[in-house]
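A.B. asks: I'd like to ask some things about the structure below.
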Amino acid sequence: WPYCRKRCSYCNFNTYVVPAVDEAAVRACLVREAQTLLRLSQVHSVSSVFFGGGTPSLASPGTVAAVLEAVAAAAHLPAGAEVTLEANPSSTSTSRLAGFRAGGVNRLSIGVQSLDDAELRMLGREHTAAEAQKAVEAARELFPGRTSIDLLFGLPGQSQDAWAQQLEAALGLCDDHISLYQLTLERGTALAAQVRGGVLAAPPSDLLADMYQTARTVLAAAGFRHYEVSNFARKGALSTHNLSYWRADQYIGVGPGAHGRFVPWGEGGHSREARVQTPEPVAWMREVQSQGHGTRNRVVLSPLEQLEELLTLGLRMDEGVTHEHWGHFSPQLSLQAVFGVPGEARALQQKGWLVLDSGGLRCTWAGLAVLDSLLPDLLWQLQRA
């Protein structure tokens with residue numbers, strides 16, 4: 001769902017603010033594209049559905065229900081399949097959330113971003129901290145154990161103490177699942193322009209590292225499992241859908257600018273493809289209406305490219321890349337054969353960043369915090385192998 005009521009100051013996603021949305025037309029195109037791509041993939045069973053955006057909570061519950069009905073008609077959608085909706089606190093009245101639940105949603109991811117009103121204003125968010133709190137409380141009533149909140153850290157002017165206080169407040173609000181993202185100043189955004197112009201000061205990298213470690217320590221002490229670089233879950237509330245990305249499973253992207261990774265068996269394909277849908281909504285709708293889908297780019301991934309994705313995504317998880325999972329993508333060349341020989345991986349193990357054992361290849365607690373700096377060496381070793 002590509003539409004938002006306003007653009008946040010830090011956002012460079014494929015989002016659109018328009019005077020009015022022809023929701024019936026968008027709904028029909030989402031349904032048709034889902035049907036077409038499910039048919040192309042010849043998938044038999046769908047384990048999860050994720051409504052992202054934009055602001056999907058601005059769509060009507062009827063649109064969400066129509067897409068889910070189309071998925072269930074084209075493939076097996078088990079009763080327990082995870083169905084997540086991303087929501088903004090400003091569009092989550094209790095009656096609206098109840099409508100989404102009745103339409104088939106069973107997990108909610110709320111873009112809280114901050115629990116400080118001054119920070120929310122700087123980020124260009126529509127809601128206040130009080131509204132965020134109210135939205136999360138309503139969500140937890142309707143989706144007990146399946147509510148997640150997003151928080152940003154590393155904001156201009158944010159102190160370590162202020163961040164620690166926010167974490168404590170967040171823990172009091174939601175103890176199922178928390179996603180923490182370091183603010184990235186993207187080119188072309190209003191916030192990046194303010195920092196570049198000297199109006200706001202970006203925090204130093206040492207402070208960012210300290211904030212991240214503080215969050216990991218606080219959440220671990222509260223019983224959260226740090227199961228992925230940015231994601232923390234308690235009592236088994238891991239996101240099935242996001243795990244499927246990090247484990248390099250197949251997924252279908254539906255809607256303007258959506259990404260997918262699947263084998264198009266339905267048209268004679270035998271190799272995994274990376275697909276991107278047309279980003280601009282009006283052009284995307286035109287293409288879906290004329291040809292059933294709006295795929296703008298499709299690239300057949302080479303065996304090396306598939307292993308590169310498996311490695312870069314898999315190492316984001318605390319479980320890392322298992323031998324069994326690697327074997328699905330690389331039956332001829334084992335993890336041990338690539339990374340168990342003298343080279344970069346062994347040096348990283350000796351430094352305490354990486355582990356290769358009977359479980360597979362994974363980062364240590366310290367290594368997870370610096371993963372981006374480890375990957376170039378590992379990718380280079382993979383390419384040589």
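Naming scheme: A, B, ... for chains in displayed order of the structure tokens; residues 1 onward per chain; ligands 1 onward as shown.
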Please run DSSP on the backbone and report, as a ChimeraX atom specification, all residues within segment 127-193 of chain A that come out as helix (DSSP H, G or I).
C.D. replies: /A:129-142,160-173,190-193
A.B. asks: At a cut-off of 6 Å, using only C-alpha atoms, what residues contact Arg275 of chain A? Leave out same-chain residues fewer than 4 positions from it and give the result as a PyMOL selection string.
C.D. replies: chain A and resi 259-260+297-298
A.B. asks: Residues near segment 20-22 of chain A, anyone? I mean within 12 Å using only C-alpha atoms, not counting same-chain ones fewer than 2 positions away, as a list of chain:residue names.
C.D. replies: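 The neighbour list is A:Trp1, A:Pro2, A:Tyr3, A:Cys4, A:Arg5, A:Tyr16, A:Val17, A:Val18, A:Ala24, A:Ala25, A:Val26, A:Arg27, A:Ala28, A:Cys29, A:Leu58, A:Ala59, A:Ser60, A:Thr63, A:Pro281, A:Val282, A:Met285.
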A.B. asks: Grab the residues selected above and save them as a PDB file, in the first residue's frame with C-alpha atoms.
C.D. replies:
ATOM      1  CA  TRP A   1       0.000   0.000   0.000  1.00  0.00           C
ATOM      2  CA  PRO A   2       2.080   2.939  -1.278  1.00  0.00           C
ATOM      3  CA  TYR A   3       0.030   5.835   0.106  1.00  0.00           C
ATOM      4  CA  CYS A   4       0.639   8.005   3.174  1.00  0.00           C
ATOM      5  CA  ARG A   5      -1.159  11.048   4.579  1.00  0.00           C
ATOM      6  CA  TYR A  16       2.960   8.804  -2.299  1.00  0.00           C
ATOM      7  CA  VAL A  17       0.825  11.553  -0.770  1.00  0.00           C
ATOM      8  CA  VAL A  18      -2.192  12.138  -3.028  1.00  0.00           C
ATOM      9  CA  ALA A  24     -11.599   0.032  -5.399  1.00  0.00           C
ATOM     10  CA  ALA A  25      -9.182   0.238  -8.339  1.00  0.00           C
ATOM     11  CA  VAL A  26      -6.116  -0.322  -6.133  1.00  0.00           C
ATOM     12  CA  ARG A  27      -7.831  -3.278  -4.433  1.00  0.00           C
ATOM     13  CA  ALA A  28      -8.723  -4.878  -7.779  1.00  0.00           C
ATOM     14  CA  CYS A  29      -5.110  -4.516  -8.962  1.00  0.00           C
ATOM     15  CA  LEU A  58      -5.026   3.711   5.738  1.00  0.00           C
ATOM     16  CA  ALA A  59      -6.490   0.981   3.514  1.00  0.00           C
ATOM     17  CA  SER A  60      -9.927  -0.296   4.459  1.00  0.00           C
ATOM     18  CA  THR A  63      -9.105  -4.332   0.912  1.00  0.00           C
ATOM     19  CA  PRO A 281       1.085   3.550  -8.580  1.00  0.00           C
ATOM     20  CA  VAL A 282      -0.763   4.884 -11.643  1.00  0.00           C
ATOM     21  CA  MET A 285      -2.209  -0.115 -12.116  1.00  0.00           C
TER      22      MET A 285
END
A.B. asks: In Å to one decimal, how far is atom CA of Pro56 of chain A from atom CA of Gly257 of chain A?
C.D. replies: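 Computed distance, atom CA of Gly257 of chain A to atom CA of Pro56 of chain A, equals 14.2 Å.
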A.B. asks: Just the residues within 12 Å of Ala220 of chain A, please, counting only C-alpha atoms, with nothing from its chain fewer than 2 positions along; format it as a ChimeraX atom specification.
C.D. replies: /A:167,171,175,178,213-218,222-227,231-234,365
A.B. asks: With N, CA and C atoms retained, could you export that selection as a PDB file, in the first residue's frame?
C.D. replies:
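Okay, this is what ended up in result_35.pdb:
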ATOM      1  N   LEU A 167      13.850   3.291  26.007  1.00  0.00           N
ATOM      2  CA  LEU A 167      13.810   1.821  26.010  1.00  0.00           C
ATOM      3  C   LEU A 167      12.988   1.303  27.183  1.00  0.00           C
ATOM      4  N   LEU A 171       9.553  -0.844  26.930  1.00  0.00           N
ATOM      5  CA  LEU A 171       9.368  -2.139  27.577  1.00  0.00           C
ATOM      6  C   LEU A 171       8.080  -2.178  28.392  1.00  0.00           C
ATOM      7  N   ASP A 175       5.921  -5.845  25.329  1.00  0.00           N
ATOM      8  CA  ASP A 175       6.980  -6.809  25.678  1.00  0.00           C
ATOM      9  C   ASP A 175       6.906  -8.068  24.815  1.00  0.00           C
ATOM     10  N   ILE A 178      10.126  -6.080  19.502  1.00  0.00           N
ATOM     11  CA  ILE A 178      10.583  -4.710  19.283  1.00  0.00           C
ATOM     12  C   ILE A 178      11.615  -4.703  18.156  1.00  0.00           C
ATOM     13  N   GLN A 213      24.459  -0.947  21.757  1.00  0.00           N
ATOM     14  CA  GLN A 213      24.845  -1.905  22.799  1.00  0.00           C
ATOM     15  C   GLN A 213      23.969  -1.754  24.041  1.00  0.00           C
ATOM     16  N   THR A 214      23.594  -0.518  24.360  1.00  0.00           N
ATOM     17  CA  THR A 214      22.684  -0.292  25.492  1.00  0.00           C
ATOM     18  C   THR A 214      21.367  -1.018  25.257  1.00  0.00           C
ATOM     19  N   ALA A 215      20.840  -0.873  24.040  1.00  0.00           N
ATOM     20  CA  ALA A 215      19.563  -1.511  23.708  1.00  0.00           C
ATOM     21  C   ALA A 215      19.672  -3.028  23.826  1.00  0.00           C
ATOM     22  N   ARG A 216      20.741  -3.594  23.324  1.00  0.00           N
ATOM     23  CA  ARG A 216      20.909  -5.048  23.370  1.00  0.00           C
ATOM     24  C   ARG A 216      20.971  -5.538  24.821  1.00  0.00           C
ATOM     25  N   THR A 217      21.700  -4.796  25.643  1.00  0.00           N
ATOM     26  CA  THR A 217      21.859  -5.191  27.047  1.00  0.00           C
ATOM     27  C   THR A 217      20.538  -5.088  27.798  1.00  0.00           C
ATOM     28  N   VAL A 218      19.839  -3.965  27.614  1.00  0.00           N
ATOM     29  CA  VAL A 218      18.572  -3.728  28.317  1.00  0.00           C
ATOM     30  C   VAL A 218      17.533  -4.774  27.908  1.00  0.00           C
ATOM     31  N   ALA A 222      15.702  -8.028  29.906  1.00  0.00           N
ATOM     32  CA  ALA A 222      14.241  -8.115  30.043  1.00  0.00           C
ATOM     33  C   ALA A 222      13.687  -9.411  29.436  1.00  0.00           C
ATOM     34  N   GLY A 223      14.584 -10.307  29.025  1.00  0.00           N
ATOM     35  CA  GLY A 223      14.141 -11.606  28.534  1.00  0.00           C
ATOM     36  C   GLY A 223      13.889 -11.686  27.043  1.00  0.00           C
ATOM     37  N   PHE A 224      14.383 -10.691  26.304  1.00  0.00           N
ATOM     38  CA  PHE A 224      14.213 -10.706  24.850  1.00  0.00           C
ATOM     39  C   PHE A 224      15.335 -11.501  24.190  1.00  0.00           C
ATOM     40  N   ARG A 225      14.986 -12.219  23.140  1.00  0.00           N
ATOM     41  CA  ARG A 225      15.989 -12.879  22.307  1.00  0.00           C
ATOM     42  C   ARG A 225      16.349 -11.927  21.168  1.00  0.00           C
ATOM     43  N   HIS A 226      17.639 -11.646  21.015  1.00  0.00           N
ATOM     44  CA  HIS A 226      18.101 -10.789  19.921  1.00  0.00           C
ATOM     45  C   HIS A 226      18.286 -11.696  18.703  1.00  0.00           C
ATOM     46  N   TYR A 227      17.184 -11.947  17.980  1.00  0.00           N
ATOM     47  CA  TYR A 227      17.224 -12.995  16.961  1.00  0.00           C
ATOM     48  C   TYR A 227      17.678 -12.503  15.596  1.00  0.00           C
ATOM     49  N   ASN A 231      16.129  -6.886  15.441  1.00  0.00           N
ATOM     50  CA  ASN A 231      14.860  -7.416  15.960  1.00  0.00           C
ATOM     51  C   ASN A 231      15.014  -8.246  17.219  1.00  0.00           C
ATOM     52  N   PHE A 232      14.087  -8.014  18.144  1.00  0.00           N
ATOM     53  CA  PHE A 232      14.119  -8.622  19.463  1.00  0.00           C
ATOM     54  C   PHE A 232      12.731  -9.174  19.790  1.00  0.00           C
ATOM     55  N   ALA A 233      12.679 -10.414  20.298  1.00  0.00           N
ATOM     56  CA  ALA A 233      11.382 -11.034  20.591  1.00  0.00           C
ATOM     57  C   ALA A 233      11.413 -11.740  21.938  1.00  0.00           C
ATOM     58  N   ARG A 234      10.262 -11.734  22.576  1.00  0.00           N
ATOM     59  CA  ARG A 234      10.094 -12.448  23.843  1.00  0.00           C
ATOM     60  C   ARG A 234       9.045 -13.542  23.670  1.00  0.00           C
ATOM     61  N   TRP A 365      28.155 -12.584  19.570  1.00  0.00           N
ATOM     62  CA  TRP A 365      27.409 -11.429  20.088  1.00  0.00           C
ATOM     63  C   TRP A 365      28.092 -10.136  19.653  1.00  0.00           C
TER      64      TRP A 365
END
A.B. asks: Pick out the residues sitting within 9 Å of Ala102 of chain A, and hand them over as a list of chain:residue names; count only C-alpha atoms, and ignore anything fewer than 5 positions along from it in its own chain.
C.D. replies: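 Counting only C-alpha atoms, the residues come to A:Pro61, A:Ala65, A:Leu97.
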A.B. asks: Can you write out the residues you just picked, keeping N, CA, C and O atoms, as a compact mmCIF listing (two decimals), in the first residue's frame?
C.D. replies:
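again-v2.txt, written as the output of this step:
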# COMPACT_ATOMS: atom_id res chain seq x y z
N PRO A 61 -10.28 -2.25 5.90
CA PRO A 61 -10.20 -3.68 6.21
C PRO A 61 -10.71 -4.55 5.06
O PRO A 61 -10.23 -5.66 4.85
N ALA A 65 -8.93 -7.85 3.45
CA ALA A 65 -9.67 -9.11 3.39
C ALA A 65 -9.72 -9.65 1.95
O ALA A 65 -9.57 -10.86 1.73
N LEU A 97 -8.93 -1.36 14.01
CA LEU A 97 -8.10 -2.54 14.26
C LEU A 97 -8.96 -3.80 14.34
O LEU A 97 -8.57 -4.86 13.85
A.B. asks: Take atom CA of Val300 of chain A and atom CA of Pro264 of chain A and report the distance between them in Å, one decimal.
C.D. replies: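 About the pair atom CA of Val300 of chain A and atom CA of Pro264 of chain A: they are 10.2 Å apart.
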A.B. asks: For Trp246 of chain A, please output as a short mmCIF file (atom, residue, chain, number, x, y, z; two decimals) with N, CA and C atoms, in the first residue's frame all residues within 9 Å (counting only C-alpha atoms; exclusion window: fewer than 5 positions along the same chain).
C.D. replies:
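Wrote it out as selection-v2.cif, contents follow:
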data_model
loop_
_atom_site.label_atom_id
_atom_site.label_comp_id
_atom_site.auth_asym_id
_atom_site.auth_seq_id
_atom_site.Cartn_x
_atom_site.Cartn_y
_atom_site.Cartn_z
N GLU A 228 17.75 -11.18 15.41
CA GLU A 228 18.24 -10.60 14.16
C GLU A 228 18.81 -9.23 14.48
N GLU A 309 23.36 -13.66 -1.33
CA GLU A 309 22.17 -13.23 -0.58
C GLU A 309 21.98 -14.07 0.67
N LEU A 310 22.14 -15.38 0.53
CA LEU A 310 21.98 -16.28 1.68
C LEU A 310 22.94 -15.90 2.80
N THR A 312 24.64 -12.84 3.26
CA THR A 312 24.46 -11.49 3.82
C THR A 312 23.19 -11.41 4.67
N LEU A 313 22.14 -12.12 4.28
CA LEU A 313 20.90 -12.10 5.06
C LEU A 313 20.96 -13.07 6.24
N GLY A 314 21.50 -14.26 6.00
CA GLY A 314 21.54 -15.28 7.05
C GLY A 314 22.37 -14.88 8.24
N LEU A 315 23.49 -14.18 8.00
CA LEU A 315 24.35 -13.79 9.12
C LEU A 315 23.73 -12.68 9.97
N ARG A 316 22.62 -12.10 9.51
CA ARG A 316 21.90 -11.12 10.34
C ARG A 316 21.19 -11.78 11.52
N MET A 317 20.97 -13.09 11.42
CA MET A 317 20.24 -13.81 12.47
C MET A 317 21.18 -14.42 13.50
#
A.B. asks: Return as a Markdown table the residues of segment 266-338 of chain A lying at most 10 Å from segment 350-362 of chain A, together with the closest atom-to-atom pair for each and the distance in Å to one decimal, counting only C-alpha atoms, with rows in chain order and ascending residue number.
C.D. replies:
| residue | atom | partner | partner_atom | distance |
| --- | --- | --- | --- | --- |
| A:Leu311 | CA | A:Leu361 | CA | 9.0 |
| A:Gly314 | CA | A:Arg362 | CA | 8.1 |
| A:Leu315 | CA | A:Arg362 | CA | 5.7 |
| A:Arg316 | CA | A:Arg362 | CA | 8.5 |
| A:Met317 | CA | A:Arg362 | CA | 7.8 |
| A:Asp318 | CA | A:Arg362 | CA | 6.8 |
| A:Glu319 | CA | A:Arg362 | CA | 6.4 |
| A:Gly320 | CA | A:Arg362 | CA | 4.1 |
| A:Val321 | CA | A:Leu361 | CA | 5.3 |
| A:Thr322 | CA | A:Gly360 | CA | 4.2 |
| A:His323 | CA | A:Gly360 | CA | 5.0 |
| A:Glu324 | CA | A:Gly360 | CA | 8.3 |
| A:His325 | CA | A:Gly360 | CA | 9.1 |
| A:Trp326 | CA | A:Gly360 | CA | 8.6 |
| A:Leu335 | CA | A:Gly360 | CA | 7.3 |
| A:Gln336 | CA | A:Leu356 | CA | 7.9 |
A.B. asks: Might you pull out every residue within 9 Å of Glu267 of chain A, with only C-alpha atoms counted and same-chain residues fewer than 2 positions away left off, and present them as an MDAnalysis selection string?
C.D. replies: chainID A and resid 40:41 264:265 269
A.B. asks: What's the separation between atom CA of Val199 of chain A and atom CA of Gly111 of chain A, in Å to one decimal place?
C.D. replies: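 So the two atoms, atom CA of Val199 of chain A and atom CA of Gly111 of chain A, lie 25.6 Å apart.
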A.B. asks: As a ChimeraX atom specification, please: every residue in segment 131-356 of chain A that DSSP puts in strand (DSSP E or B).
C.D. replies: /A:147-153,177-182,225-228,231-233,251,259-262,273-277,295-300,317,321-322,354-356
A.B. asks: Can you write just those residues out, N, CA and C atoms, as a compact mmCIF listing (two decimals), in the first residue's frame?
C.D. replies:
# COMPACT_ATOMS: atom_id res chain seq x y z
N THR A 147 1.99 -8.28 18.85
CA THR A 147 2.11 -6.85 18.55
C THR A 147 3.60 -6.49 18.57
N SER A 148 4.02 -5.75 17.56
CA SER A 148 5.42 -5.32 17.46
C SER A 148 5.47 -3.81 17.35
N ILE A 149 6.51 -3.21 17.91
CA ILE A 149 6.70 -1.76 17.73
C ILE A 149 8.07 -1.49 17.11
N ASP A 150 8.11 -0.44 16.28
CA ASP A 150 9.37 0.04 15.69
C ASP A 150 9.83 1.26 16.47
N LEU A 151 11.13 1.32 16.75
CA LEU A 151 11.73 2.51 17.38
C LEU A 151 12.97 2.91 16.59
N LEU A 152 13.21 4.20 16.48
CA LEU A 152 14.42 4.73 15.84
C LEU A 152 15.38 5.24 16.90
N PHE A 153 16.69 5.04 16.68
CA PHE A 153 17.68 5.64 17.57
C PHE A 153 18.75 6.32 16.73
N HIS A 177 7.53 -7.93 20.89
CA HIS A 177 8.49 -7.84 19.79
C HIS A 177 8.83 -6.38 19.57
N ILE A 178 10.13 -6.08 19.50
CA ILE A 178 10.58 -4.71 19.28
C ILE A 178 11.61 -4.70 18.16
N SER A 179 11.42 -3.81 17.19
CA SER A 179 12.39 -3.62 16.10
C SER A 179 13.07 -2.27 16.31
N LEU A 180 14.39 -2.27 16.33
CA LEU A 180 15.16 -1.04 16.56
C LEU A 180 15.98 -0.72 15.31
N TYR A 181 15.82 0.48 14.81
CA TYR A 181 16.53 0.88 13.60
C TYR A 181 17.33 2.15 13.84
N GLN A 182 18.61 2.09 13.49
CA GLN A 182 19.42 3.31 13.56
C GLN A 182 18.98 4.23 12.43
N ARG A 225 14.99 -12.22 23.14
CA ARG A 225 15.99 -12.88 22.31
C ARG A 225 16.35 -11.93 21.17
N HIS A 226 17.64 -11.65 21.02
CA HIS A 226 18.10 -10.79 19.92
C HIS A 226 18.29 -11.70 18.70
N TYR A 227 17.18 -11.95 17.98
CA TYR A 227 17.22 -12.99 16.96
C TYR A 227 17.68 -12.50 15.60
N GLU A 228 17.75 -11.18 15.41
CA GLU A 228 18.24 -10.60 14.16
C GLU A 228 18.81 -9.23 14.48
N ASN A 231 16.13 -6.89 15.44
CA ASN A 231 14.86 -7.42 15.96
C ASN A 231 15.01 -8.25 17.22
N PHE A 232 14.09 -8.01 18.14
CA PHE A 232 14.12 -8.62 19.46
C PHE A 232 12.73 -9.17 19.79
N ALA A 233 12.68 -10.41 20.30
CA ALA A 233 11.38 -11.03 20.59
C ALA A 233 11.41 -11.74 21.94
N TYR A 251 9.53 -15.62 -1.86
CA TYR A 251 8.44 -14.72 -1.51
C TYR A 251 8.01 -13.93 -2.74
N HIS A 259 9.19 -6.00 -3.94
CA HIS A 259 10.25 -6.91 -4.40
C HIS A 259 9.82 -8.35 -4.16
N GLY A 260 10.30 -9.26 -5.00
CA GLY A 260 10.02 -10.67 -4.82
C GLY A 260 11.23 -11.51 -5.19
N ARG A 261 11.24 -12.74 -4.69
CA ARG A 261 12.28 -13.72 -5.04
C ARG A 261 11.59 -15.07 -5.18
N PHE A 262 11.42 -15.55 -6.42
CA PHE A 262 10.80 -16.85 -6.58
C PHE A 262 11.15 -17.45 -7.94
N GLU A 273 14.39 -15.97 -9.42
CA GLU A 273 14.48 -14.63 -10.00
C GLU A 273 14.28 -13.57 -8.93
N ALA A 274 14.97 -12.44 -9.11
CA ALA A 274 14.69 -11.24 -8.31
C ALA A 274 13.77 -10.38 -9.14
N ARG A 275 12.63 -10.00 -8.57
CA ARG A 275 11.63 -9.22 -9.30
C ARG A 275 11.31 -7.94 -8.55
N VAL A 276 11.11 -6.86 -9.30
CA VAL A 276 10.69 -5.58 -8.72
C VAL A 276 9.49 -5.07 -9.52
N GLN A 277 8.43 -4.71 -8.80
CA GLN A 277 7.23 -4.20 -9.47
C GLN A 277 7.40 -2.71 -9.78
N THR A 295 5.31 -6.20 -13.13
CA THR A 295 6.74 -6.46 -12.92
C THR A 295 7.57 -5.57 -13.85
N ARG A 296 8.39 -4.71 -13.27
CA ARG A 296 9.22 -3.79 -14.05
C ARG A 296 10.58 -4.42 -14.38
N ASN A 297 11.18 -5.07 -13.39
CA ASN A 297 12.50 -5.69 -13.59
C ASN A 297 12.48 -7.13 -13.10
N ARG A 298 13.10 -8.00 -13.86
CA ARG A 298 13.28 -9.38 -13.39
C ARG A 298 14.67 -9.85 -13.80
N VAL A 299 15.38 -10.41 -12.84
CA VAL A 299 16.77 -10.83 -13.07
C VAL A 299 16.91 -12.26 -12.57
N VAL A 300 17.40 -13.15 -13.43
CA VAL A 300 17.70 -14.51 -13.00
C VAL A 300 18.97 -14.47 -12.15
N MET A 317 20.97 -13.09 11.42
CA MET A 317 20.24 -13.81 12.47
C MET A 317 21.18 -14.42 13.50
N VAL A 321 23.80 -19.10 9.34
CA VAL A 321 23.50 -19.96 8.19
C VAL A 321 23.82 -21.39 8.58
N THR A 322 22.81 -22.25 8.64
CA THR A 322 23.05 -23.64 9.03
C THR A 322 23.63 -24.43 7.85
N LEU A 354 33.27 -14.33 14.62
CA LEU A 354 32.55 -15.32 13.83
C LEU A 354 32.75 -16.70 14.43
N VAL A 355 31.76 -17.60 14.21
CA VAL A 355 31.87 -19.00 14.66
C VAL A 355 31.49 -19.90 13.49
N LEU A 356 32.30 -20.92 13.23
CA LEU A 356 31.95 -21.98 12.28
C LEU A 356 32.09 -23.29 13.03
